[in-house]
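Shown next: start_20.pdb, containing PDB, C-alpha atoms.
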```pdb
ATOM      1  CA  MET A 435       4.780 -14.946  -8.049
ATOM      2  CA  GLY A 436       4.859 -16.855 -11.340
ATOM      3  CA  ARG A 437       3.454 -20.306 -11.665
ATOM      4  CA  LYS A 438       4.427 -23.323 -13.739
ATOM      5  CA  GLN A 439       2.474 -23.643 -17.040
ATOM      6  CA  THR A 440       0.444 -26.763 -17.511
ATOM      7  CA  TYR A 441       0.551 -28.907 -20.672
ATOM      8  CA  LEU A 442      -2.929 -27.630 -21.645
ATOM      9  CA  GLU A 443      -1.809 -24.006 -21.489
ATOM     10  CA  ILE A 444       1.302 -24.734 -23.553
ATOM     11  CA  SER A 445      -0.847 -26.412 -26.232
ATOM     12  CA  ARG A 446      -3.226 -23.431 -26.313
ATOM     13  CA  TYR A 447      -0.350 -20.974 -26.844
ATOM     14  CA  GLY A 448       1.149 -23.186 -29.520
ATOM     15  CA  PHE A 449      -2.163 -23.232 -31.371
ATOM     16  CA  LEU A 450      -2.351 -19.420 -31.279
ATOM     17  CA  VAL A 451       1.196 -19.134 -32.635
ATOM     18  CA  LEU A 452       0.458 -21.574 -35.468
ATOM     19  CA  PHE A 453      -2.819 -19.770 -36.264
ATOM     20  CA  SER A 454      -1.027 -16.385 -36.452
ATOM     21  CA  MET A 455       1.697 -17.784 -38.688
ATOM     22  CA  GLY A 456      -0.915 -19.304 -40.993
ATOM     23  CA  THR A 457      -2.830 -16.011 -41.252
ATOM     24  CA  ILE A 458       0.322 -14.076 -42.090
ATOM     25  CA  SER A 459       1.290 -16.669 -44.728
ATOM     26  CA  CYS A 460      -2.144 -16.414 -46.385
ATOM     27  CA  CYS A 461      -1.880 -12.627 -46.502
ATOM     28  CA  MET A 462       1.558 -12.815 -48.085
ATOM     29  CA  VAL A 463       0.328 -15.286 -50.725
ATOM     30  CA  TYR A 464      -2.668 -13.025 -51.502
ATOM     31  CA  LEU A 465      -0.465  -9.972 -51.915
ATOM     32  CA  CYS A 466       1.968 -11.840 -54.157
ATOM     33  CA  PHE A 467      -0.776 -13.171 -56.428
ATOM     34  CA  SER A 468      -2.517  -9.780 -56.500
ATOM     35  CA  ALA A 469       0.678  -8.170 -57.727
ATOM     36  CA  LEU A 470       1.213 -11.007 -60.209
ATOM     37  CA  PHE A 471      -2.197 -10.752 -61.847
ATOM     38  CA  ARG A 472      -2.859  -7.011 -61.533
ATOM     39  CA  PRO A 473      -2.434  -5.316 -64.935
ATOM     40  CA  PRO A 474       0.816  -3.331 -64.856
ATOM     41  CA  ILE A 475       0.680   0.451 -65.204
ATOM     42  CA  SER A 476       1.987   1.294 -68.641
ATOM     43  CA  SER A 477       4.681   3.898 -69.137
ATOM     44  CA  THR A 478       2.132   5.930 -71.087
ATOM     45  CA  GLU A 479      -0.341   5.875 -68.181
ATOM     46  CA  PHE A 480       2.443   6.960 -65.837
ATOM     47  CA  LEU A 481       3.359   9.881 -68.089
ATOM     48  CA  ASP A 482      -0.341  10.676 -68.510
ATOM     49  CA  SER A 483      -0.618  10.864 -64.713
ATOM     50  CA  ARG A 484       2.212  13.431 -64.703
ATOM     51  CA  VAL A 485       0.272  15.506 -67.232
ATOM     52  CA  SER A 486      -2.906  15.194 -65.113
ATOM     53  CA  ASP A 487      -1.082  16.243 -61.946
ATOM     54  CA  ASP A 488       0.417  19.271 -63.712
ATOM     55  CA  LEU A 489      -3.059  20.302 -64.891
ATOM     56  CA  LYS A 490      -4.456  20.101 -61.377
ATOM     57  CA  ARG A 491      -1.726  22.420 -60.130
ATOM     58  CA  GLU A 492      -2.309  24.799 -63.046
ATOM     59  CA  ASP A 493      -6.109  24.888 -62.687
ATOM     60  CA  THR A 494      -6.258  27.039 -59.556
ATOM     61  CA  ASN A 495      -9.474  28.773 -60.698
ATOM     62  CA  GLY A 496     -11.339  25.558 -61.419
ATOM     63  CA  ASP A 497     -11.749  26.410 -65.120
ATOM     64  CA  CYS A 498     -11.284  22.793 -66.130
ATOM     65  CA  CYS A 499     -14.770  21.562 -65.321
ATOM     66  CA  ARG A 500     -16.799  22.701 -68.305
ATOM     67  CA  GLY A 501     -19.560  21.254 -70.447
ATOM     68  CA  ILE A 502     -21.532  22.006 -73.601
ATOM     69  CA  GLU A 503     -24.901  23.693 -73.237
ATOM     70  CA  HIS A 504     -27.944  22.380 -75.135
ATOM     71  CA  LEU A 505     -26.489  18.886 -75.320
ATOM     72  CA  GLU A 506     -27.858  15.720 -73.724
ATOM     73  CA  LEU A 507     -25.550  12.728 -73.557
ATOM     74  CA  TRP A 508     -26.988   9.266 -73.113
ATOM     75  CA  GLY A 509     -25.379   6.266 -71.411
ATOM     76  CA  ASP A 510     -25.795   3.983 -68.417
ATOM     77  CA  ALA A 511     -26.578   5.949 -65.245
ATOM     78  CA  VAL A 512     -24.267   5.354 -62.301
ATOM     79  CA  LYS A 513     -26.075   7.997 -60.242
ATOM     80  CA  TRP A 514     -29.632   9.083 -60.973
ATOM     81  CA  GLY A 515     -30.276  12.803 -61.289
ATOM     82  CA  SER A 516     -33.774  12.420 -59.881
ATOM     83  CA  GLU A 517     -32.079  11.543 -56.596
ATOM     84  CA  PHE A 518     -29.024  13.784 -56.915
ATOM     85  CA  LYS A 519     -29.238  17.556 -57.347
ATOM     86  CA  VAL A 520     -26.432  20.142 -57.315
ATOM     87  CA  ASN A 521     -26.154  23.912 -57.729
ATOM     88  CA  SER A 522     -24.210  24.183 -60.982
ATOM     89  CA  SER A 523     -22.829  22.313 -63.977
ATOM     90  CA  LYS A 524     -19.378  22.694 -62.421
ATOM     91  CA  ASP A 525     -20.565  20.884 -59.274
ATOM     92  CA  CYS A 526     -21.989  18.116 -61.457
ATOM     93  CA  CYS A 527     -18.695  17.821 -63.315
ATOM     94  CA  LEU A 528     -16.765  17.681 -60.028
ATOM     95  CA  ALA A 529     -19.076  14.940 -58.769
ATOM     96  CA  CYS A 530     -18.239  12.884 -61.862
ATOM     97  CA  LYS A 531     -14.525  13.550 -61.437
ATOM     98  CA  GLY A 532     -14.854  12.449 -57.829
ATOM     99  CA  MET A 533     -15.630   8.943 -59.092
ATOM    100  CA  CYS A 534     -12.240   8.712 -60.775
ATOM    101  CA  SER A 535      -9.599   6.867 -58.800
ATOM    102  CA  ASP A 536      -6.195   8.411 -58.219
ATOM    103  CA  ASP A 537      -4.780   5.127 -59.488
ATOM    104  CA  SER A 538      -4.516   4.226 -63.143
ATOM    105  CA  GLY A 539      -7.625   2.926 -64.837
ATOM    106  CA  PRO A 540     -11.017   4.049 -66.114
ATOM    107  CA  CYS A 541     -13.344   6.316 -64.154
ATOM    108  CA  LEU A 542     -16.567   4.897 -62.704
ATOM    109  CA  CYS A 543     -18.197   8.010 -64.191
ATOM    110  CA  ASP A 544     -17.006   9.393 -67.521
ATOM    111  CA  SER A 545     -19.881  11.702 -68.492
ATOM    112  CA  TRP A 546     -22.369  13.963 -66.762
ATOM    113  CA  VAL A 547     -25.637  15.706 -67.619
ATOM    114  CA  PHE A 548     -26.965  18.715 -65.699
ATOM    115  CA  CYS A 549     -30.234  20.658 -65.899
ATOM    116  CA  GLY A 550     -29.478  24.301 -65.074
ATOM    117  CA  ASP A 551     -32.225  26.288 -66.815
ATOM    118  CA  LYS A 552     -34.698  26.902 -64.001
ATOM    119  CA  LEU A 553     -37.556  27.870 -66.292
ATOM    120  CA  ALA A 554     -37.087  25.061 -68.813
ATOM    121  CA  CYS A 555     -36.150  22.363 -66.304
ATOM    122  CA  GLY A 556     -39.007  22.898 -63.874
ATOM    123  CA  ASP A 557     -38.994  20.098 -61.302
ATOM    124  CA  GLN A 558     -35.819  18.707 -62.896
ATOM    125  CA  PHE A 559     -33.835  21.861 -62.124
ATOM    126  CA  GLY A 560     -30.506  20.947 -60.529
ATOM    127  CA  GLU A 561     -30.614  17.295 -61.552
ATOM    128  CA  CYS A 562     -27.135  15.852 -62.096
ATOM    129  CA  TRP A 563     -26.988  12.549 -63.930
ATOM    130  CA  LEU A 564     -23.657  10.734 -63.736
ATOM    131  CA  LYS A 565     -23.158   8.243 -66.554
ATOM    132  CA  LYS A 566     -20.830   5.671 -68.079
ATOM    133  CA  GLN A 567     -20.203   5.507 -71.824
ATOM    134  CA  LYS A 568     -19.547   2.368 -73.834
ATOM    135  CA  ASP A 569     -16.895   4.299 -75.767
ATOM    136  CA  THR A 570     -15.467   7.491 -74.261
ATOM    137  CA  LEU A 571     -14.081   8.565 -77.653
ATOM    138  CA  GLU A 572     -17.562   8.293 -79.162
ATOM    139  CA  PRO A 573     -20.013   9.375 -76.438
ATOM    140  CA  GLU A 574     -23.659   8.592 -77.149
ATOM    141  CA  LYS A 575     -25.717  11.689 -77.875
ATOM    142  CA  ARG A 576     -29.466  11.679 -77.291
ATOM    143  CA  ASP A 577     -30.244  15.198 -78.487
ATOM    144  CA  SER A 578     -28.711  18.616 -79.146
ATOM    145  CA  GLY A 579     -29.887  22.079 -80.191
ATOM    146  CA  ASP A 580     -31.409  25.179 -78.637
ATOM    147  CA  HIS A 581     -34.497  23.241 -77.542
ATOM    148  CA  VAL A 582     -32.400  20.980 -75.275
ATOM    149  CA  MET A 583     -32.357  22.105 -71.637
ATOM    150  CA  TRP A 584     -29.395  19.972 -70.575
ATOM    151  CA  THR A 585     -25.675  20.721 -70.297
ATOM    152  CA  SER A 586     -23.330  17.758 -70.725
ATOM    153  CA  GLY A 587     -19.655  17.006 -70.370
ATOM    154  CA  VAL A 588     -17.123  14.189 -70.612
ATOM    155  CA  VAL A 589     -14.333  13.185 -68.231
ATOM    156  CA  PHE A 590     -11.308  11.111 -69.232
ATOM    157  CA  GLY A 591      -9.516   9.061 -66.590
ATOM    158  CA  ARG A 592      -5.823   8.328 -66.593
ATOM    159  CA  GLY A 593      -4.846   6.372 -69.681
ATOM    160  CA  GLU A 594      -8.075   7.402 -71.450
ATOM    161  CA  GLY A 595      -8.817  10.111 -74.012
ATOM    162  CA  ILE A 596      -5.469   9.716 -75.743
ATOM    163  CA  VAL A 597      -5.340   9.935 -79.531
ATOM    164  CA  GLY A 598      -2.490   9.444 -81.972
ATOM    165  CA  PHE A 599      -1.311  12.216 -84.284
ATOM    166  CA  GLU A 600       0.294  10.143 -87.020
ATOM    167  CA  THR A 601       3.025  11.599 -89.242
ATOM    168  CA  GLN A 602       5.786  10.213 -91.424
ATOM    169  CA  TYR A 603       8.220  11.135 -88.644
ATOM    170  CA  GLY A 604       6.399   9.124 -86.004
ATOM    171  CA  THR A 605       3.109   9.067 -84.077
ATOM    172  CA  PHE A 606       2.880  11.295 -81.036
ATOM    173  CA  HIS A 607       0.095  10.850 -78.516
ATOM    174  CA  VAL A 608      -2.075  13.698 -77.266
ATOM    175  CA  LYS A 609      -4.041  13.593 -74.023
ATOM    176  CA  LEU A 610      -7.315  15.411 -74.775
ATOM    177  CA  LEU A 611      -8.872  17.766 -72.208
ATOM    178  CA  PRO A 612     -12.686  17.608 -72.540
ATOM    179  CA  ASP A 613     -13.242  19.137 -69.107
ATOM    180  CA  CYS A 614     -11.097  22.174 -70.038
ATOM    181  CA  ALA A 615     -12.061  22.529 -73.705
ATOM    182  CA  PRO A 616     -15.294  20.589 -74.386
ATOM    183  CA  HIS A 617     -16.112  22.290 -77.707
ATOM    184  CA  SER A 618     -12.566  21.650 -78.944
ATOM    185  CA  ILE A 619     -12.700  17.978 -78.010
ATOM    186  CA  SER A 620     -16.140  17.565 -79.583
ATOM    187  CA  CYS A 621     -14.641  18.834 -82.834
ATOM    188  CA  ILE A 622     -11.665  16.467 -82.636
ATOM    189  CA  LEU A 623     -13.889  13.479 -81.792
ATOM    190  CA  GLU A 624     -16.020  14.254 -84.844
ATOM    191  CA  LEU A 625     -12.851  14.306 -86.936
ATOM    192  CA  LEU A 626     -11.822  11.004 -85.352
ATOM    193  CA  ALA A 627     -15.207   9.433 -86.166
ATOM    194  CA  SER A 628     -14.972  10.530 -89.808
ATOM    195  CA  ARG A 629     -11.892   8.286 -90.122
ATOM    196  CA  HIS A 630     -10.118  10.610 -92.519
ATOM    197  CA  CYS A 631      -8.171  13.823 -92.250
ATOM    198  CA  VAL A 632      -7.394  14.618 -95.875
ATOM    199  CA  GLY A 633      -5.919  18.093 -95.903
ATOM    200  CA  CYS A 634      -4.635  17.965 -92.323
ATOM    201  CA  HIS A 635      -0.920  18.741 -92.340
ATOM    202  CA  PHE A 636       2.016  20.488 -90.666
ATOM    203  CA  TYR A 637       3.526  23.478 -92.457
ATOM    204  CA  ARG A 638       5.587  25.444 -89.909
ATOM    205  CA  ALA A 639       8.477  24.325 -87.700
ATOM    206  CA  GLU A 640      10.710  26.356 -85.402
ATOM    207  CA  SER A 641      13.235  25.013 -82.910
ATOM    208  CA  ARG A 642      14.010  26.220 -79.399
ATOM    209  CA  GLY A 643      17.072  27.993 -80.756
ATOM    210  CA  LYS A 644      19.166  29.592 -78.027
ATOM    211  CA  SER A 645      16.175  30.962 -76.117
ATOM    212  CA  TRP A 646      14.891  27.849 -74.299
ATOM    213  CA  ASP A 647      16.667  24.893 -72.698
ATOM    214  CA  PRO A 648      15.765  21.215 -73.421
ATOM    215  CA  GLU A 649      13.186  21.292 -70.603
ATOM    216  CA  GLY A 650      11.431  24.237 -72.228
ATOM    217  CA  ASN A 651      12.569  26.828 -69.695
ATOM    218  CA  HIS A 652      13.464  30.285 -70.974
ATOM    219  CA  ILE A 653      17.148  31.127 -70.801
ATOM    220  CA  GLU A 654      17.811  34.329 -68.889
ATOM    221  CA  HIS A 655      18.431  37.426 -71.038
ATOM    222  CA  ALA A 656      17.662  35.494 -74.243
ATOM    223  CA  PRO A 657      15.053  36.864 -76.666
ATOM    224  CA  TYR A 658      11.577  35.294 -76.817
ATOM    225  CA  GLY A 659      12.029  34.420 -80.481
ATOM    226  CA  PRO A 660      12.262  34.020 -83.330
ATOM    227  CA  PRO A 661      12.486  31.077 -83.508
ATOM    228  CA  PHE A 662       9.396  30.544 -81.338
ATOM    229  CA  ALA A 663       9.847  26.869 -80.377
ATOM    230  CA  LEU A 664       6.747  25.344 -81.944
ATOM    231  CA  ILE A 665       5.373  23.330 -84.820
ATOM    232  CA  GLN A 666       2.162  24.460 -86.509
ATOM    233  CA  GLY A 667      -0.413  22.757 -88.696
ATOM    234  CA  THR A 668      -4.086  22.511 -89.492
ATOM    235  CA  LEU A 669      -6.889  20.065 -88.675
ATOM    236  CA  GLY A 670      -9.004  21.474 -91.484
ATOM    237  CA  SER A 671     -10.110  18.409 -93.433
ATOM    238  CA  TYR A 672     -11.285  18.536 -97.057
ATOM    239  CA  GLY A 673     -15.009  17.913 -97.429
ATOM    240  CA  THR A 674     -15.872  18.970 -93.863
ATOM    241  CA  VAL A 675     -16.988  22.300 -92.471
ATOM    242  CA  PHE A 676     -14.926  23.365 -89.478
ATOM    243  CA  LYS A 677     -16.960  25.197 -86.846
ATOM    244  CA  ASP A 678     -15.108  28.030 -85.143
ATOM    245  CA  ILE A 679     -14.059  27.052 -81.629
ATOM    246  CA  PRO A 680     -15.098  29.479 -78.882
ATOM    247  CA  THR A 681     -12.461  30.585 -76.399
ATOM    248  CA  GLU A 682     -12.229  27.955 -73.680
ATOM    249  CA  ALA A 683      -9.767  27.323 -70.832
ATOM    250  CA  CYS A 684      -6.487  29.111 -71.568
ATOM    251  CA  PRO A 685      -3.787  27.884 -69.201
ATOM    252  CA  THR A 686      -0.199  29.003 -69.640
ATOM    253  CA  ILE A 687       1.380  27.428 -72.713
ATOM    254  CA  ARG A 688       3.806  24.756 -71.541
ATOM    255  CA  ARG A 689       6.187  22.429 -73.317
ATOM    256  CA  GLY A 690       3.878  19.883 -74.952
ATOM    257  CA  SER A 691       0.755  22.079 -75.033
ATOM    258  CA  ALA A 692      -1.479  21.563 -78.083
ATOM    259  CA  ALA A 693      -3.513  24.731 -78.684
ATOM    260  CA  TRP A 694      -5.608  26.461 -81.329
ATOM    261  CA  VAL A 695      -4.462  29.479 -83.279
ATOM    262  CA  ASP A 696      -7.424  31.833 -82.787
ATOM    263  CA  SER A 697     -10.555  29.664 -83.240
ATOM    264  CA  GLY A 698      -8.947  26.908 -85.348
ATOM    265  CA  PRO A 699      -8.557  24.800 -87.380
ATOM    266  CA  GLU A 700      -4.907  25.957 -87.299
ATOM    267  CA  PHE A 701      -3.125  24.706 -84.180
ATOM    268  CA  PHE A 702       0.356  24.415 -82.735
ATOM    269  CA  VAL A 703       2.367  22.243 -80.376
ATOM    270  CA  SER A 704       4.825  24.101 -78.166
ATOM    271  CA  LEU A 705       8.378  22.993 -77.446
ATOM    272  CA  ALA A 706       8.781  25.554 -74.654
ATOM    273  CA  ASN A 707       7.086  27.240 -71.712
ATOM    274  CA  HIS A 708       5.650  30.507 -73.005
ATOM    275  CA  ASN A 709       4.738  32.555 -69.941
ATOM    276  CA  GLU A 710       5.105  35.670 -72.093
ATOM    277  CA  TRP A 711       2.013  34.737 -74.130
ATOM    278  CA  ASN A 712      -0.268  35.530 -71.171
ATOM    279  CA  LYS A 713      -2.734  32.643 -71.484
ATOM    280  CA  ALA A 714      -3.930  33.784 -74.905
ATOM    281  CA  TYR A 715      -4.659  30.389 -76.491
ATOM    282  CA  THR A 716      -7.211  27.631 -75.887
ATOM    283  CA  VAL A 717      -5.307  24.476 -74.953
ATOM    284  CA  PHE A 718      -7.112  21.290 -76.027
ATOM    285  CA  GLY A 719      -4.469  18.722 -75.136
ATOM    286  CA  PHE A 720      -0.937  17.840 -74.140
ATOM    287  CA  VAL A 721       1.620  15.714 -75.956
ATOM    288  CA  LEU A 722       2.785  12.929 -73.660
ATOM    289  CA  PRO A 723       6.354  13.686 -72.484
ATOM    290  CA  GLU A 724       7.856  10.532 -73.991
ATOM    291  CA  ASP A 725       6.738  11.653 -77.468
ATOM    292  CA  MET A 726       8.263  15.131 -77.361
ATOM    293  CA  GLU A 727      11.353  13.797 -79.157
ATOM    294  CA  ILE A 728       9.151  13.482 -82.277
ATOM    295  CA  ILE A 729       8.152  17.147 -81.964
ATOM    296  CA  GLU A 730      11.819  18.090 -81.533
ATOM    297  CA  ARG A 731      12.699  16.120 -84.675
ATOM    298  CA  ILE A 732      10.016  17.869 -86.714
ATOM    299  CA  ALA A 733      11.193  21.270 -85.451
ATOM    300  CA  GLN A 734      14.629  20.603 -86.976
ATOM    301  CA  LEU A 735      13.326  19.946 -90.507
ATOM    302  CA  PRO A 736      14.489  22.267 -93.337
ATOM    303  CA  ALA A 737      12.467  25.472 -93.406
ATOM    304  CA  LYS A 738      12.469  28.764 -95.250
ATOM    305  CA  PRO A 739      11.845  32.241 -93.776
ATOM    306  CA  GLU A 740       8.598  34.119 -94.309
ATOM    307  CA  VAL A 741       7.007  37.177 -92.725
ATOM    308  CA  TRP A 742       3.459  36.964 -91.348
ATOM    309  CA  SER A 743       1.989  40.243 -90.080
ATOM    310  CA  ASN A 744       5.487  41.660 -89.469
ATOM    311  CA  ILE A 745       6.565  38.507 -87.616
ATOM    312  CA  ASN A 746       9.461  36.388 -88.884
ATOM    313  CA  VAL A 747       8.479  32.724 -89.089
ATOM    314  CA  ALA A 748       9.957  29.507 -90.516
ATOM    315  CA  VAL A 749       7.800  27.565 -92.986
ATOM    316  CA  LEU A 750       8.603  23.964 -93.880
ATOM    317  CA  GLU A 751      10.158  23.453 -97.275
ATOM    318  CA  ASN A 752       8.139  20.258 -97.521
ATOM    319  CA  PRO A 753       4.869  20.334 -95.563
ATOM    320  CA  PHE A 754       3.693  16.829 -94.672
ATOM    321  CA  PRO A 755       0.339  15.176 -93.906
ATOM    322  CA  LEU A 756      -1.125  14.481 -90.503
ATOM    323  CA  HIS A 757      -3.718  11.871 -89.517
ATOM    324  CA  VAL A 758      -5.636  11.686 -86.230
ATOM    325  CA  ARG A 759      -6.059   8.056 -85.149
ATOM    326  CA  ARG A 760      -7.670   6.033 -82.424
ATOM    327  CA  ILE A 761      -5.080   4.049 -80.519
ATOM    328  CA  LYS A 762      -5.118   0.459 -79.377
ATOM    329  CA  ARG A 763      -4.053  -0.194 -75.828
ATOM    330  CA  SER A 764      -1.521  -2.879 -75.072
ATOM    331  CA  VAL A 765       0.400  -3.767 -71.952
ATOM    332  CA  GLY A 766       3.155  -1.211 -71.392
ATOM    333  CA  ASN A 767       2.477   0.968 -74.411
ATOM    334  CA  LEU A 768      -0.021   2.352 -76.880
ATOM    335  CA  LYS A 769      -0.214   1.509 -80.562
ATOM    336  CA  PRO A 770      -1.957   3.413 -83.399
TER     337      PRO A 770
END
```

Can you present the structure in this file as structure tokens?
Amino acid sequence: MGRKQTYLEISRYGFLVLFSMGTISCCMVYLCFSALFRPPISSTEFLDSRVSDDLKREDTNGDCCRGIEHLELWGDAVKWGSEFKVNSSKDCCLACKGMCSDDSGPCLCDSWVFCGDKLACGDQFGECWLKKQKDTLEPEKRDSGDHVMWTSGVVFGRGEGIVGFETQYGTFHVKLLPDCAPHSISCILELLASRHCVGCHFYRAESRGKSWDPEGNHIEHAPYGPPFALIQGTLGSYGTVFKDIPTEACPTIRRGSAAWVDSGPEFFVSLANHNEWNKAYTVFGFVLPEDMEIIERIAQLPAKPEVWSNINVAVLENPFPLHVRRIKRSVGNLKP
């Protein structure tokens, strides 16, 4: 049997209703202001995230967690190695990557240092130091050489580790892959720090022809070239000695892949997916998808035929210079 509510009970219920409405209103205001003042994700960061996701799918063997032996990076520690030990440099790298958010923005950890030489490390064997650099494009080195017992690596978060390849036909942005090709990226960062790239240039350009569609997919029954759907150049700079790059991670060449020819300094950017090349080249970066129109434009420039080792190629009639630049971040885009 129900009973009639008293005035006191009605007032209590009314208070609860008003309190609930007030709480909901505060939450809505907080969410609105959070969205208003949160930095927007730039189109470049969104495209960079697509590149990162593709790499994760491609890296089924876990090759993209590498470092450089006999190198000790400095920086502010976010996790002390004296209190954190792992079994391998790969595990140390993965621990650093684990501090990167799936959302856009910098990683809490962007460099790692591991001691894996049991004899040389002694009590420090297995130590994994996770660190944060002041400048990820110029990581602070404490020491290097055969006497150094540490192995170190760098990790770039989404929107980080992107450099501009500046040409007269436009600047295209390359996402560098230090975890896949650490020696390659070390070389490019040294070139970046030198602030000049005199002698760097593009000299070969070949379109997709009738063998690959605009997405880079091979057309059934079409030949695999020539043309080979790529542009080729060199990062060999006058006045500097280029150290041969050892073979590093060699994923399948995809549209946008930037890879070395042999051990460098010659490199190429692919306009197509080249499954037929059987993972033969070290990939050090990827051109962001929105900039592939610049690569397509370069591939259409006037060229003349030549034969290299019994292979028909197309060499630019007018080779042109290339400069590697740091980029400045701005809301919604990147500027050289």

A:Cys684, A:Glu740, A:His635, A:Phe718: which is nearest Asn752 of chain A, counting all atoms listed in the file? A:His635

Selection under test: the PyMOL selection byres ((chain A and resi 525) around 12); residues as a VMD selection string: chain A and resid 496 to 501 518 to 524 526 to 532 546 to 550 560 to 564 587

Can you list, as a list in words, the residues that the PyMOL selection byres ((chain A and resi 601-605) around 7) selects here?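 Output of the PyMOL selection byres ((chain A and resi 601-605) around 7): Gly598, Phe599, Glu600, Phe606, His607, Ile728, Pro755, Leu756 and His757 of chain A.
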
Which polymer residues, protein or nucleic acid, are no farther than 9 Å from (4.6, 26.3, -91.8), counting all atoms listed in the file, as a PyMOL selection string? chain A and resi 636-640+665-667+737-738+747-751+753

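Counting all atoms listed in the file, the residue from A:Leu505, A:Pro699, A:Leu664, A:Tyr715 that sits nearest to Lys677 of chain A is A:Pro699.
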
At a cut-off of 6 Å, using only C-alpha atoms, what residues contact Val717 of chain A? Leave out same-chain residues fewer than 2 positions from it and give the result as a ChimeraX atom specification. /A:684,692-693,719

Quick one: apply the PyMOL selection byres ((chain A and resi 572) around 9) to the file and drop the selected residues here as a list in words.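 Going through the file, the PyMOL selection byres ((chain A and resi 572) around 9) ends up selecting Gln567, Lys568, Asp569, Thr570, Leu571, Pro573, Glu574, Lys575, Leu623, Glu624, Leu626 and Ala627 of chain A.
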
Using C-alpha atoms, can you export the residues from the last selection as a tab-separated table (two decimals), keeping the file's coordinate frame?
```tsv
chain	number	residue	atom	x	y	z
A	567	GLN	CA	-20.20	5.51	-71.82
A	568	LYS	CA	-19.55	2.37	-73.83
A	569	ASP	CA	-16.90	4.30	-75.77
A	570	THR	CA	-15.47	7.49	-74.26
A	571	LEU	CA	-14.08	8.56	-77.65
A	573	PRO	CA	-20.01	9.38	-76.44
A	574	GLU	CA	-23.66	8.59	-77.15
A	575	LYS	CA	-25.72	11.69	-77.88
A	623	LEU	CA	-13.89	13.48	-81.79
A	624	GLU	CA	-16.02	14.25	-84.84
A	626	LEU	CA	-11.82	11.00	-85.35
A	627	ALA	CA	-15.21	9.43	-86.17
```
